[in-house]
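Participant: Provided herewith: run00.cif, mmCIF, C-alpha atoms.
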data_model
loop_
_atom_site.label_atom_id
_atom_site.label_comp_id
_atom_site.auth_asym_id
_atom_site.auth_seq_id
_atom_site.Cartn_x
_atom_site.Cartn_y
_atom_site.Cartn_z
CA MET A 1 0.00 0.00 0.00
CA ALA A 2 1.34 3.42 -0.99
CA PHE A 3 0.68 6.36 1.33
CA THR A 4 -0.98 9.49 0.01
CA LYS A 5 -0.35 13.03 1.22
CA ASP A 6 -3.54 13.04 3.31
CA GLN A 7 -2.68 9.68 4.90
CA LEU A 8 0.81 10.90 5.77
CA LEU A 9 -0.52 14.10 7.37
CA ALA A 10 -3.08 12.04 9.30
CA ARG A 11 -0.24 9.84 10.58
CA LEU A 12 1.66 12.92 11.78
CA GLN A 13 -1.43 14.07 13.66
CA GLU A 14 -1.77 10.61 15.26
CA LEU A 15 1.83 10.97 16.47
CA LYS A 16 0.98 14.37 18.00
CA ILE A 17 3.45 16.05 15.63
CA GLU A 18 2.71 19.70 15.01
CA PHE A 19 3.39 21.10 11.56
CA LEU A 20 2.61 24.08 9.37
CA SER A 21 1.32 23.42 5.86
CA CYS A 22 1.41 25.52 2.70
CA ASP A 23 -0.29 24.65 -0.59
CA HIS A 24 1.31 26.04 -3.74
CA PRO A 25 1.74 25.29 -7.47
CA ALA A 26 3.93 22.32 -8.35
CA VAL A 27 7.60 23.27 -7.96
CA MET A 28 10.64 21.49 -9.40
CA THR A 29 13.44 23.45 -7.73
CA VAL A 30 14.25 24.92 -4.33
CA GLU A 31 14.28 28.38 -5.92
CA GLU A 32 10.69 27.98 -7.12
CA GLN A 33 9.61 26.61 -3.76
CA ALA A 34 11.16 29.55 -1.89
CA LYS A 35 8.77 31.96 -3.65
CA TYR A 36 5.77 30.41 -1.90
CA VAL A 37 7.00 29.25 1.54
CA GLY A 38 9.12 32.13 2.81
CA HIS A 39 6.47 32.97 5.44
CA LEU A 40 6.96 29.58 7.12
CA GLY A 41 10.34 30.72 8.38
CA GLY A 42 12.03 27.33 8.09
CA ALA A 43 15.06 25.85 6.35
CA LEU A 44 14.48 24.65 2.79
CA SER A 45 15.80 21.23 1.85
CA LYS A 46 17.08 19.62 -1.32
CA ASN A 47 16.62 15.87 -1.63
CA LEU A 48 18.57 13.59 -3.96
CA PHE A 49 17.48 10.06 -4.88
CA LEU A 50 20.64 8.10 -5.72
CA LYS A 51 21.82 4.58 -6.46
CA ASP A 52 25.18 2.83 -6.41
CA LYS A 53 26.62 0.28 -8.86
CA LYS A 54 24.94 -2.57 -6.98
CA HIS A 55 21.52 -0.87 -7.27
CA ARG A 56 21.34 0.04 -3.59
CA LEU A 57 19.33 3.20 -3.03
CA TYR A 58 19.89 6.38 -1.02
CA ILE A 59 18.07 9.61 -0.20
CA ILE A 60 20.44 12.47 0.58
CA SER A 61 18.52 15.23 2.36
CA ALA A 62 20.47 18.45 2.78
CA LEU A 63 19.93 22.11 3.53
CA ALA A 64 19.45 24.13 0.35
CA ASN A 65 22.84 25.86 0.70
CA THR A 66 24.85 22.75 1.62
CA LYS A 67 27.34 21.69 -1.05
CA VAL A 68 27.12 17.94 -1.67
CA ASP A 69 30.04 16.45 -3.61
CA LEU A 70 28.90 13.01 -4.80
CA LYS A 71 32.46 11.84 -5.52
CA ILE A 72 33.58 12.58 -1.97
CA LEU A 73 30.36 11.18 -0.50
CA SER A 74 30.79 8.03 -2.58
CA GLN A 75 34.29 7.51 -1.16
CA ARG A 76 33.06 8.09 2.39
CA LEU A 77 30.48 5.35 1.83
CA GLY A 78 33.21 3.00 0.59
CA LEU A 79 31.86 2.93 -2.98
CA GLY A 80 34.85 4.45 -4.79
CA LYS A 81 34.89 7.83 -6.54
CA GLY A 82 32.15 7.11 -9.09
CA GLY A 83 29.95 4.86 -7.00
CA LEU A 84 26.92 7.16 -6.74
CA ARG A 85 24.66 8.36 -9.51
CA MET A 86 21.05 9.50 -9.90
CA ALA A 87 18.50 6.71 -9.52
CA PRO A 88 16.39 6.06 -12.62
CA GLU A 89 13.30 8.22 -12.88
CA GLU A 90 11.15 5.09 -13.21
CA ALA A 91 12.09 4.13 -9.63
CA LEU A 92 10.37 7.22 -8.17
CA PRO A 93 6.77 5.95 -8.51
CA GLU A 94 7.69 2.30 -7.92
CA ILE A 95 9.97 2.62 -4.87
CA LEU A 96 9.16 5.99 -3.28
CA HIS A 97 5.64 6.37 -4.75
CA VAL A 98 6.23 10.02 -5.57
CA ALA A 99 6.40 12.00 -8.79
CA LEU A 100 9.43 13.77 -10.22
CA GLY A 101 10.29 16.79 -8.07
CA SER A 102 8.70 15.31 -4.93
CA VAL A 103 11.59 13.32 -3.41
CA THR A 104 11.31 13.52 0.36
CA PRO A 105 12.36 11.61 3.49
CA PHE A 106 8.66 11.13 4.21
CA ALA A 107 8.54 8.64 1.30
CA LEU A 108 10.30 6.16 3.58
CA ILE A 109 6.93 5.54 5.23
CA ASN A 110 6.17 3.26 2.26
CA GLU A 111 7.06 -0.40 2.68
CA SER A 112 8.59 -0.47 -0.82
CA ALA A 113 11.25 2.00 0.40
CA ARG A 114 12.34 -0.08 3.42
CA SER A 115 15.81 -0.70 1.91
CA VAL A 116 16.49 2.93 0.99
CA SER A 117 19.21 4.51 3.14
CA LEU A 118 18.67 8.06 4.43
CA LEU A 119 21.53 10.50 5.02
CA LEU A 120 20.53 13.75 6.72
CA ASP A 121 22.44 17.02 6.79
CA LYS A 122 23.55 17.66 10.37
CA GLY A 123 22.63 21.32 9.75
CA PHE A 124 18.95 20.41 10.14
CA LYS A 125 19.42 19.91 13.88
CA SER A 126 20.18 23.59 14.46
CA GLN A 127 17.13 24.87 12.54
CA ARG A 128 13.90 26.04 14.11
CA TYR A 129 11.84 24.36 11.39
CA CYS A 130 12.70 21.95 8.57
CA LEU A 131 10.73 22.18 5.31
CA PHE A 132 9.87 19.09 3.25
CA HIS A 133 7.31 18.01 0.67
CA PRO A 134 4.72 15.58 2.11
CA LEU A 135 4.85 13.16 -0.87
CA THR A 136 3.82 15.88 -3.36
CA ASN A 137 5.60 18.97 -4.65
CA GLU A 138 2.33 20.94 -4.48
CA VAL A 139 2.56 21.19 -0.68
CA THR A 140 5.33 22.06 1.80
CA ILE A 141 5.18 21.35 5.52
CA ALA A 142 7.35 22.78 8.28
CA LEU A 143 8.13 20.88 11.48
CA THR A 144 10.78 20.99 14.20
CA PRO A 145 13.87 18.74 13.98
CA SER A 146 12.75 16.86 17.10
CA ASP A 147 9.33 16.15 15.61
CA PHE A 148 10.96 15.05 12.36
CA ASP A 149 13.11 12.60 14.37
CA LYS A 150 9.94 11.43 16.10
CA PHE A 151 8.41 10.56 12.73
CA LEU A 152 11.51 8.66 11.59
CA LEU A 153 11.63 6.66 14.82
CA SER A 154 7.95 5.81 14.42
CA ILE A 155 8.71 4.01 11.13
CA GLY A 156 11.73 2.23 12.57
CA ARG A 157 14.36 4.61 11.26
CA GLU A 158 17.24 5.82 13.42
CA PRO A 159 18.03 9.36 12.18
CA ALA A 160 21.55 9.52 10.70
CA TYR A 161 22.85 13.10 10.68
CA VAL A 162 26.22 13.61 8.98
CA ASP A 163 28.42 16.50 7.89
CA LEU A 164 27.82 16.36 4.14
CA GLU A 165 30.52 18.96 3.43
CA ASP A 166 33.21 17.12 5.35
CA CYS A 167 36.09 15.74 3.27
CA PRO A 168 37.97 13.19 5.40
CA VAL A 169 40.90 11.24 3.99
CA VAL A 170 39.88 7.70 3.05
CA GLY A 171 42.63 5.12 2.81
CA LYS A 172 44.39 2.20 4.44
CA ASP A 173 44.56 3.82 7.87
CA ASN A 174 41.29 5.74 7.46
CA PRO A 175 38.35 3.50 6.51
CA PRO A 176 35.21 5.06 4.99
CA ASP A 177 33.42 6.83 7.83
CA LEU A 178 29.92 6.39 6.38
CA ALA A 179 30.17 2.76 5.27
CA TYR A 180 27.71 1.76 7.99
CA LEU A 181 24.98 3.65 6.09
CA VAL A 182 25.26 1.51 2.95
CA PRO A 183 22.05 -0.56 2.59
CA ALA A 184 22.40 -4.29 3.02
CA GLU A 185 19.81 -5.01 0.33
CA ALA A 186 19.86 -4.15 -3.36
CA LEU A 187 16.70 -3.72 -5.41
CA ASN A 188 15.73 -4.58 -8.96
CA LEU A 189 15.32 -1.12 -10.41
CA PRO A 190 13.11 -0.33 -13.38
CA GLY A 191 15.33 1.20 -16.02
CA GLY A 192 18.28 0.77 -13.65
CA ALA A 193 20.66 -0.74 -16.19
CA ASP A 194 22.84 1.65 -18.10
CA LYS A 195 21.19 2.17 -21.43
CA VAL A 196 23.33 1.40 -24.46
CA PRO A 197 22.06 2.75 -27.77
CA PRO A 198 21.28 -0.11 -30.16
CA THR A 199 23.67 -0.52 -33.04
CA SER A 200 21.84 -0.59 -36.35
CA ALA A 201 22.72 -3.35 -38.79
CA PRO A 202 24.11 -2.26 -42.16
CA ALA A 203 21.44 -1.75 -44.82
CA GLN A 204 21.11 -4.63 -47.25
CA THR A 205 20.38 -4.16 -50.95
CA ASN A 206 17.71 -6.15 -52.75
CA ALA A 207 20.42 -8.00 -54.67
CA THR A 208 22.03 -9.15 -51.46
CA LEU A 209 18.73 -10.32 -50.07
CA GLU A 210 17.89 -12.17 -53.28
CA GLN A 211 21.25 -13.94 -53.20
CA LYS A 212 20.61 -15.04 -49.63
CA THR A 213 17.17 -16.36 -50.44
CA LYS A 214 18.52 -18.32 -53.44
CA GLN A 215 21.31 -19.96 -51.51
CA PRO A 216 20.35 -23.46 -50.33
CA THR A 217 20.25 -23.78 -46.58
CA GLN A 218 22.73 -26.31 -45.26
CA LYS A 219 22.25 -28.11 -41.98
CA PRO A 220 25.14 -27.29 -39.68
CA LYS A 221 27.51 -30.18 -39.13
CA GLU A 222 27.32 -31.72 -35.67
CA PRO A 223 30.71 -31.37 -33.92
CA SER A 224 32.44 -34.58 -32.93
CA LYS A 225 32.79 -35.74 -29.33
CA GLU A 226 36.49 -34.80 -29.33
CA GLN A 227 35.70 -31.30 -30.66
CA LYS A 228 33.03 -30.77 -27.95
CA GLN A 229 35.48 -31.83 -25.22
CA LYS A 230 38.20 -29.54 -26.62
CA SER A 231 35.74 -26.64 -26.89
CA GLY A 232 34.63 -27.17 -23.30
CA LYS A 233 38.24 -27.20 -22.05
CA ASP A 234 39.05 -24.07 -24.05
CA LYS A 235 36.04 -22.30 -22.52
CA ILE A 236 37.06 -23.31 -19.00
CA ASN A 237 40.62 -22.13 -19.61
CA ALA A 238 39.38 -18.84 -21.08
CA ASP A 239 37.08 -18.28 -18.09
CA ALA A 240 39.93 -19.06 -15.71
CA VAL A 241 42.20 -16.56 -17.45
CA ALA A 242 39.46 -13.93 -17.41
CA ASP A 243 38.82 -14.50 -13.70
CA SER A 244 42.52 -14.34 -12.89
CA THR A 245 42.81 -10.89 -14.49
CA ASN A 246 39.59 -9.55 -12.98
CA VAL A 247 40.67 -7.82 -9.79
CA GLU A 248 37.14 -7.37 -8.42
CA LYS A 249 36.33 -11.09 -8.81
CA PHE A 250 39.64 -12.00 -7.20
CA VAL A 251 38.92 -9.73 -4.22
CA GLU A 252 35.40 -11.18 -3.91
CA LYS A 253 36.83 -14.70 -3.76
CA VAL A 254 39.42 -13.70 -1.16
CA LEU A 255 36.76 -12.00 0.98
CA GLU A 256 34.49 -15.03 0.65
CA LYS A 257 37.20 -17.42 1.84
CA VAL A 258 38.25 -15.14 4.68
CA SER A 259 34.61 -14.63 5.65
CA ASN A 260 33.97 -18.37 5.87
CA VAL A 261 36.98 -18.78 8.17
CA PHE A 262 35.87 -15.77 10.24
CA ILE A 263 32.36 -17.18 10.70
CA ALA A 264 33.72 -20.62 11.59
CA GLU A 265 36.05 -19.20 14.24
CA LEU A 266 33.32 -16.93 15.59
CA SER A 267 30.98 -19.89 15.91
CA LYS A 268 33.61 -21.82 17.87
CA GLN A 269 34.13 -18.93 20.28
CA SER A 270 30.45 -18.24 20.91
CA ASN A 271 27.59 -20.42 19.72
CA ALA A 272 25.15 -17.96 21.28
CA VAL A 273 25.83 -15.23 18.72
CA ASP A 274 22.73 -14.66 16.59
CA GLY A 275 23.02 -15.44 12.86
CA ASN A 276 21.80 -11.99 11.85
CA ILE A 277 24.44 -10.37 14.06
CA LYS A 278 27.10 -12.54 12.42
CA ASP A 279 25.92 -11.49 8.96
CA HIS A 280 25.91 -7.82 10.03
CA MET A 281 29.44 -8.12 11.44
CA LEU A 282 30.60 -9.92 8.30
CA GLU A 283 29.14 -7.25 6.00
CA GLY A 284 30.85 -4.57 8.06
CA VAL A 285 34.22 -6.35 7.78
CA LYS A 286 33.81 -6.67 4.01
CA GLN A 287 32.97 -2.99 3.61
CA ARG A 288 35.95 -1.90 5.70
CA VAL A 289 38.58 -3.95 3.85
CA SER A 290 37.14 -4.21 0.34
CA SER A 291 38.38 -0.86 -1.02
CA ASP A 292 41.87 -1.27 0.48
CA LEU A 293 42.15 -4.83 -0.80
CA LEU A 294 41.07 -3.72 -4.27
CA SER A 295 43.69 -0.97 -4.30
CA MET A 296 46.48 -3.29 -3.09
CA THR A 297 45.52 -5.99 -5.59
CA MET A 298 45.40 -3.53 -8.48
CA THR A 299 48.85 -2.24 -7.51
CA LEU A 300 50.18 -5.81 -7.42
CA LYS A 301 48.57 -6.56 -10.79
CA ASN A 302 50.09 -3.47 -12.39
CA SER A 303 53.49 -4.35 -10.91
CA VAL A 304 53.32 -7.89 -12.30
CA TYR A 305 52.32 -6.56 -15.71
CA ALA A 306 55.22 -4.12 -15.65
CA GLN A 307 57.72 -6.84 -14.72
CA GLY A 308 56.36 -9.10 -17.44
CA PHE A 309 56.63 -6.28 -19.96
CA HIS A 310 60.29 -5.60 -19.09
CA ALA A 311 61.08 -9.32 -19.16
CA GLY A 312 59.52 -9.57 -22.61
CA MET A 313 61.56 -6.62 -23.81
CA GLU A 314 64.76 -8.20 -22.55
CA SER A 315 64.04 -11.57 -24.13
CA THR A 316 63.01 -10.03 -27.48
CA LEU A 317 64.95 -6.83 -28.13
CA TYR A 318 68.27 -7.55 -26.44
CA PRO A 319 69.01 -10.74 -28.47
CA LEU A 320 68.17 -8.82 -31.65
CA ALA A 321 70.51 -6.02 -30.68
CA ASN A 322 73.32 -8.49 -29.88
CA LYS A 323 72.75 -10.22 -33.21
CA LYS A 324 73.15 -6.94 -35.11
CA ILE A 325 76.33 -6.16 -33.22
CA VAL A 326 77.77 -9.57 -34.16
CA GLU A 327 76.76 -9.08 -37.80
CA ARG A 328 78.54 -5.72 -37.93
CA LYS A 329 81.71 -7.29 -36.56
#
Starting from the file, give its structure as structure tokens.

Facilitator:
Amino acid sequence: MAFTKDQLLARLQELKIEFLSCDHPAVMTVEEQAKYVGHLGGALSKNLFLKDKKHRLYIISALANTKVDLKILSQRLGLGKGGLRMAPEEALPEILHVALGSVTPFALINESARSVSLLLDKGFKSQRYCLFHPLTNEVTIALTPSDFDKFLLSIGREPAYVDLEDCPVVGKDNPPDLAYLVPAEALNLPGGADKVPPTSAPAQTNATLEQKTKQPTQKPKEPSKEQKQKSGKDKINADAVADSTNVEKFVEKVLEKVSNVFIAELSKQSNAVDGNIKDHMLEGVKQRVSSDLLSMTMTLKNSVYAQGFHAGMESTLYPLANKKIVERK
């Protein structure tokens, strides 16, 4: 069931949350909204609906004048520099049940948005009132930060306020400080895959088509048993080579093996530890070490490639050079 604006406002009243409401024409930007809600005396918000490469979703809710650098925020979440991008527009009605221009933290009241992570600007806490859309960009409501927290707690959300303009160093000795806010669950997003424009086939002339229709169709020859076995081995070898040069797959395998050992040892030490707690601890360990392990492995890979390149140069060019020297003599 998707909540409507009236149902959301009724829920706020049930929670004894006081708010001011202002109806206005549909607005798509903070600048447009400011023209109609200045009398409310609160802090305007901008709300971004984002996804990462694994299709995990985020709402970033910030004060209108807060500068949000997605590259830095992505690193702080442990997603790499380009890990965050705008969620597909099709996900707005399906996940948040809002229209374009109406992204709001209040959309998390919908069950379909249970896996969406919410990052709040810590600047909200010092404001008298915070202004948000109540599931539609034709209305703005103003409520105190404490009442906003009360709403979030009522739907099982612990408010996570962060300094969105902070730029901490992320590296081996400084793990991503916001990795704990990465959702554990990914969603199948409508239109979430990167769209690749279809490549059109070359135009065929009538003569070419006529030649194809006149050519007798021949039944493809069934490969022999030996050919099938050889083809299967070649495919296995090719897959093995591809996996060995894929750093991300290598890191995933290493983490998987280490994780299995970690869980086994943890089980020996304490059989009373809940399975969900183990999974949560394991996910946290993976997030903390994944980026560093990827970086170290990529460095090792590049080093090996460089050594192989120099070895190839020595074995190929130096003998040729020596041969020319001997010929000159």

Participant: Looking at all atoms listed in the file, which of A:Asp173, A:Glu94, A:Asp23, A:Glu89 is the one that sits closest to Asn137 of chain A?

Facilitator: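 Closest to Asn137 of chain A of all the choices is A:Asp23.
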
Participant: Nearest to Leu119 of chain A: which of A:Ala184, A:Val68, A:Ala26, A:Val170 is it, counting all atoms listed in the file?

Facilitator: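 The shortest atom-to-atom distance to Leu119 of chain A comes from A:Val68.
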
Participant: Between A:Ala62, A:Ala107, A:Leu79, A:Ala91, which residue has the minimum interatomic distance to Ala160 of chain A, considering only C-alpha atoms?

Facilitator: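 Going through A:Ala62, A:Ala107, A:Leu79, A:Ala91 one by one, the smallest distance to Ala160 of chain A is for A:Ala62.
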
Participant: Let me know the centre plus edge lengths, in Å and rounded to one decimal, of a box with edges along x, y and z that contains all listed atoms of segment 11-30 of chain A and is padded by 3 Å on every side, as JSON.

Facilitator:
{"center_x": 6.2, "center_y": 17.9, "center_z": 4.3, "size_x": 22.0, "size_y": 22.2, "size_z": 33.4}

Participant: Tell me, as a list of chain:residue names, which residues lie within 6 Å of segment 139-141 of chain A, counting all atoms listed in the file; anything in the same chain fewer than 4 positions away does not count.

Facilitator: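 The filter keeps A:Leu20, A:Ser21, A:Cys22, A:Asp23, A:His24, A:Leu131, A:Phe132, A:His133.
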
Participant: Assuming the chain letters and numbering stay as they are in my file, what does the PyMOL selection byres ((chain A and resi 15) around 12) actually select? List them as a PDB file with C-alpha atoms, in the coordinates of the input.

Facilitator:
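Wrote result.pdb, looks like this:
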ATOM      1  CA  LEU A   8       0.810  10.900   5.770  1.00  0.00           C
ATOM      2  CA  LEU A   9      -0.520  14.100   7.370  1.00  0.00           C
ATOM      3  CA  ALA A  10      -3.080  12.040   9.300  1.00  0.00           C
ATOM      4  CA  ARG A  11      -0.240   9.840  10.580  1.00  0.00           C
ATOM      5  CA  LEU A  12       1.660  12.920  11.780  1.00  0.00           C
ATOM      6  CA  GLN A  13      -1.430  14.070  13.660  1.00  0.00           C
ATOM      7  CA  GLU A  14      -1.770  10.610  15.260  1.00  0.00           C
ATOM      8  CA  LYS A  16       0.980  14.370  18.000  1.00  0.00           C
ATOM      9  CA  ILE A  17       3.450  16.050  15.630  1.00  0.00           C
ATOM     10  CA  GLU A  18       2.710  19.700  15.010  1.00  0.00           C
ATOM     11  CA  PHE A  19       3.390  21.100  11.560  1.00  0.00           C
ATOM     12  CA  ASP A 147       9.330  16.150  15.610  1.00  0.00           C
ATOM     13  CA  PHE A 148      10.960  15.050  12.360  1.00  0.00           C
ATOM     14  CA  ASP A 149      13.110  12.600  14.370  1.00  0.00           C
ATOM     15  CA  LYS A 150       9.940  11.430  16.100  1.00  0.00           C
ATOM     16  CA  PHE A 151       8.410  10.560  12.730  1.00  0.00           C
ATOM     17  CA  LEU A 152      11.510   8.660  11.590  1.00  0.00           C
ATOM     18  CA  LEU A 153      11.630   6.660  14.820  1.00  0.00           C
ATOM     19  CA  SER A 154       7.950   5.810  14.420  1.00  0.00           C
ATOM     20  CA  ILE A 155       8.710   4.010  11.130  1.00  0.00           C
TER      21      ILE A 155
END

Participant: Which residues fall under the PyMOL selection byres ((chain A and resi 122) around 6) in this file, as a VMD selection string?

Facilitator: chain A and resid 121 123 to 125 161 to 163

Participant: Enter the distance from atom CA of Leu108 of chain A to atom CA of Asn188 of chain A, in Å, rounded to one decimal.

Facilitator: 17.4 Å

Participant: Hey, which of A:Cys167, A:Leu57, A:Leu48, A:Val98 ends up closest to Arg114 of chain A? Count only C-alpha atoms.

Facilitator: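 Result for the nearest residue to Arg114 of chain A: A:Leu57.
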
Participant: Go through A:Val182, A:Gln7, A:Met28, A:Ile109 one by one, measure the shortest atom-to-atom distance of each to Leu84 of chain A using all atoms listed in the file, and give the residue with the smallest value.

Facilitator: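 Once distances to Leu84 of chain A are computed over all atoms listed in the file, the minimum belongs to A:Val182.
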
Participant: Can you list what the PyMOL selection byres ((chain A and resi 181) around 12) grabs from this structure, as an NGL selection string?

Facilitator: :A and (56-60 or 73-74 or 76-79 or 115-120 or 157-162 or 176-180 or 182-185 or 283-284 or 287)
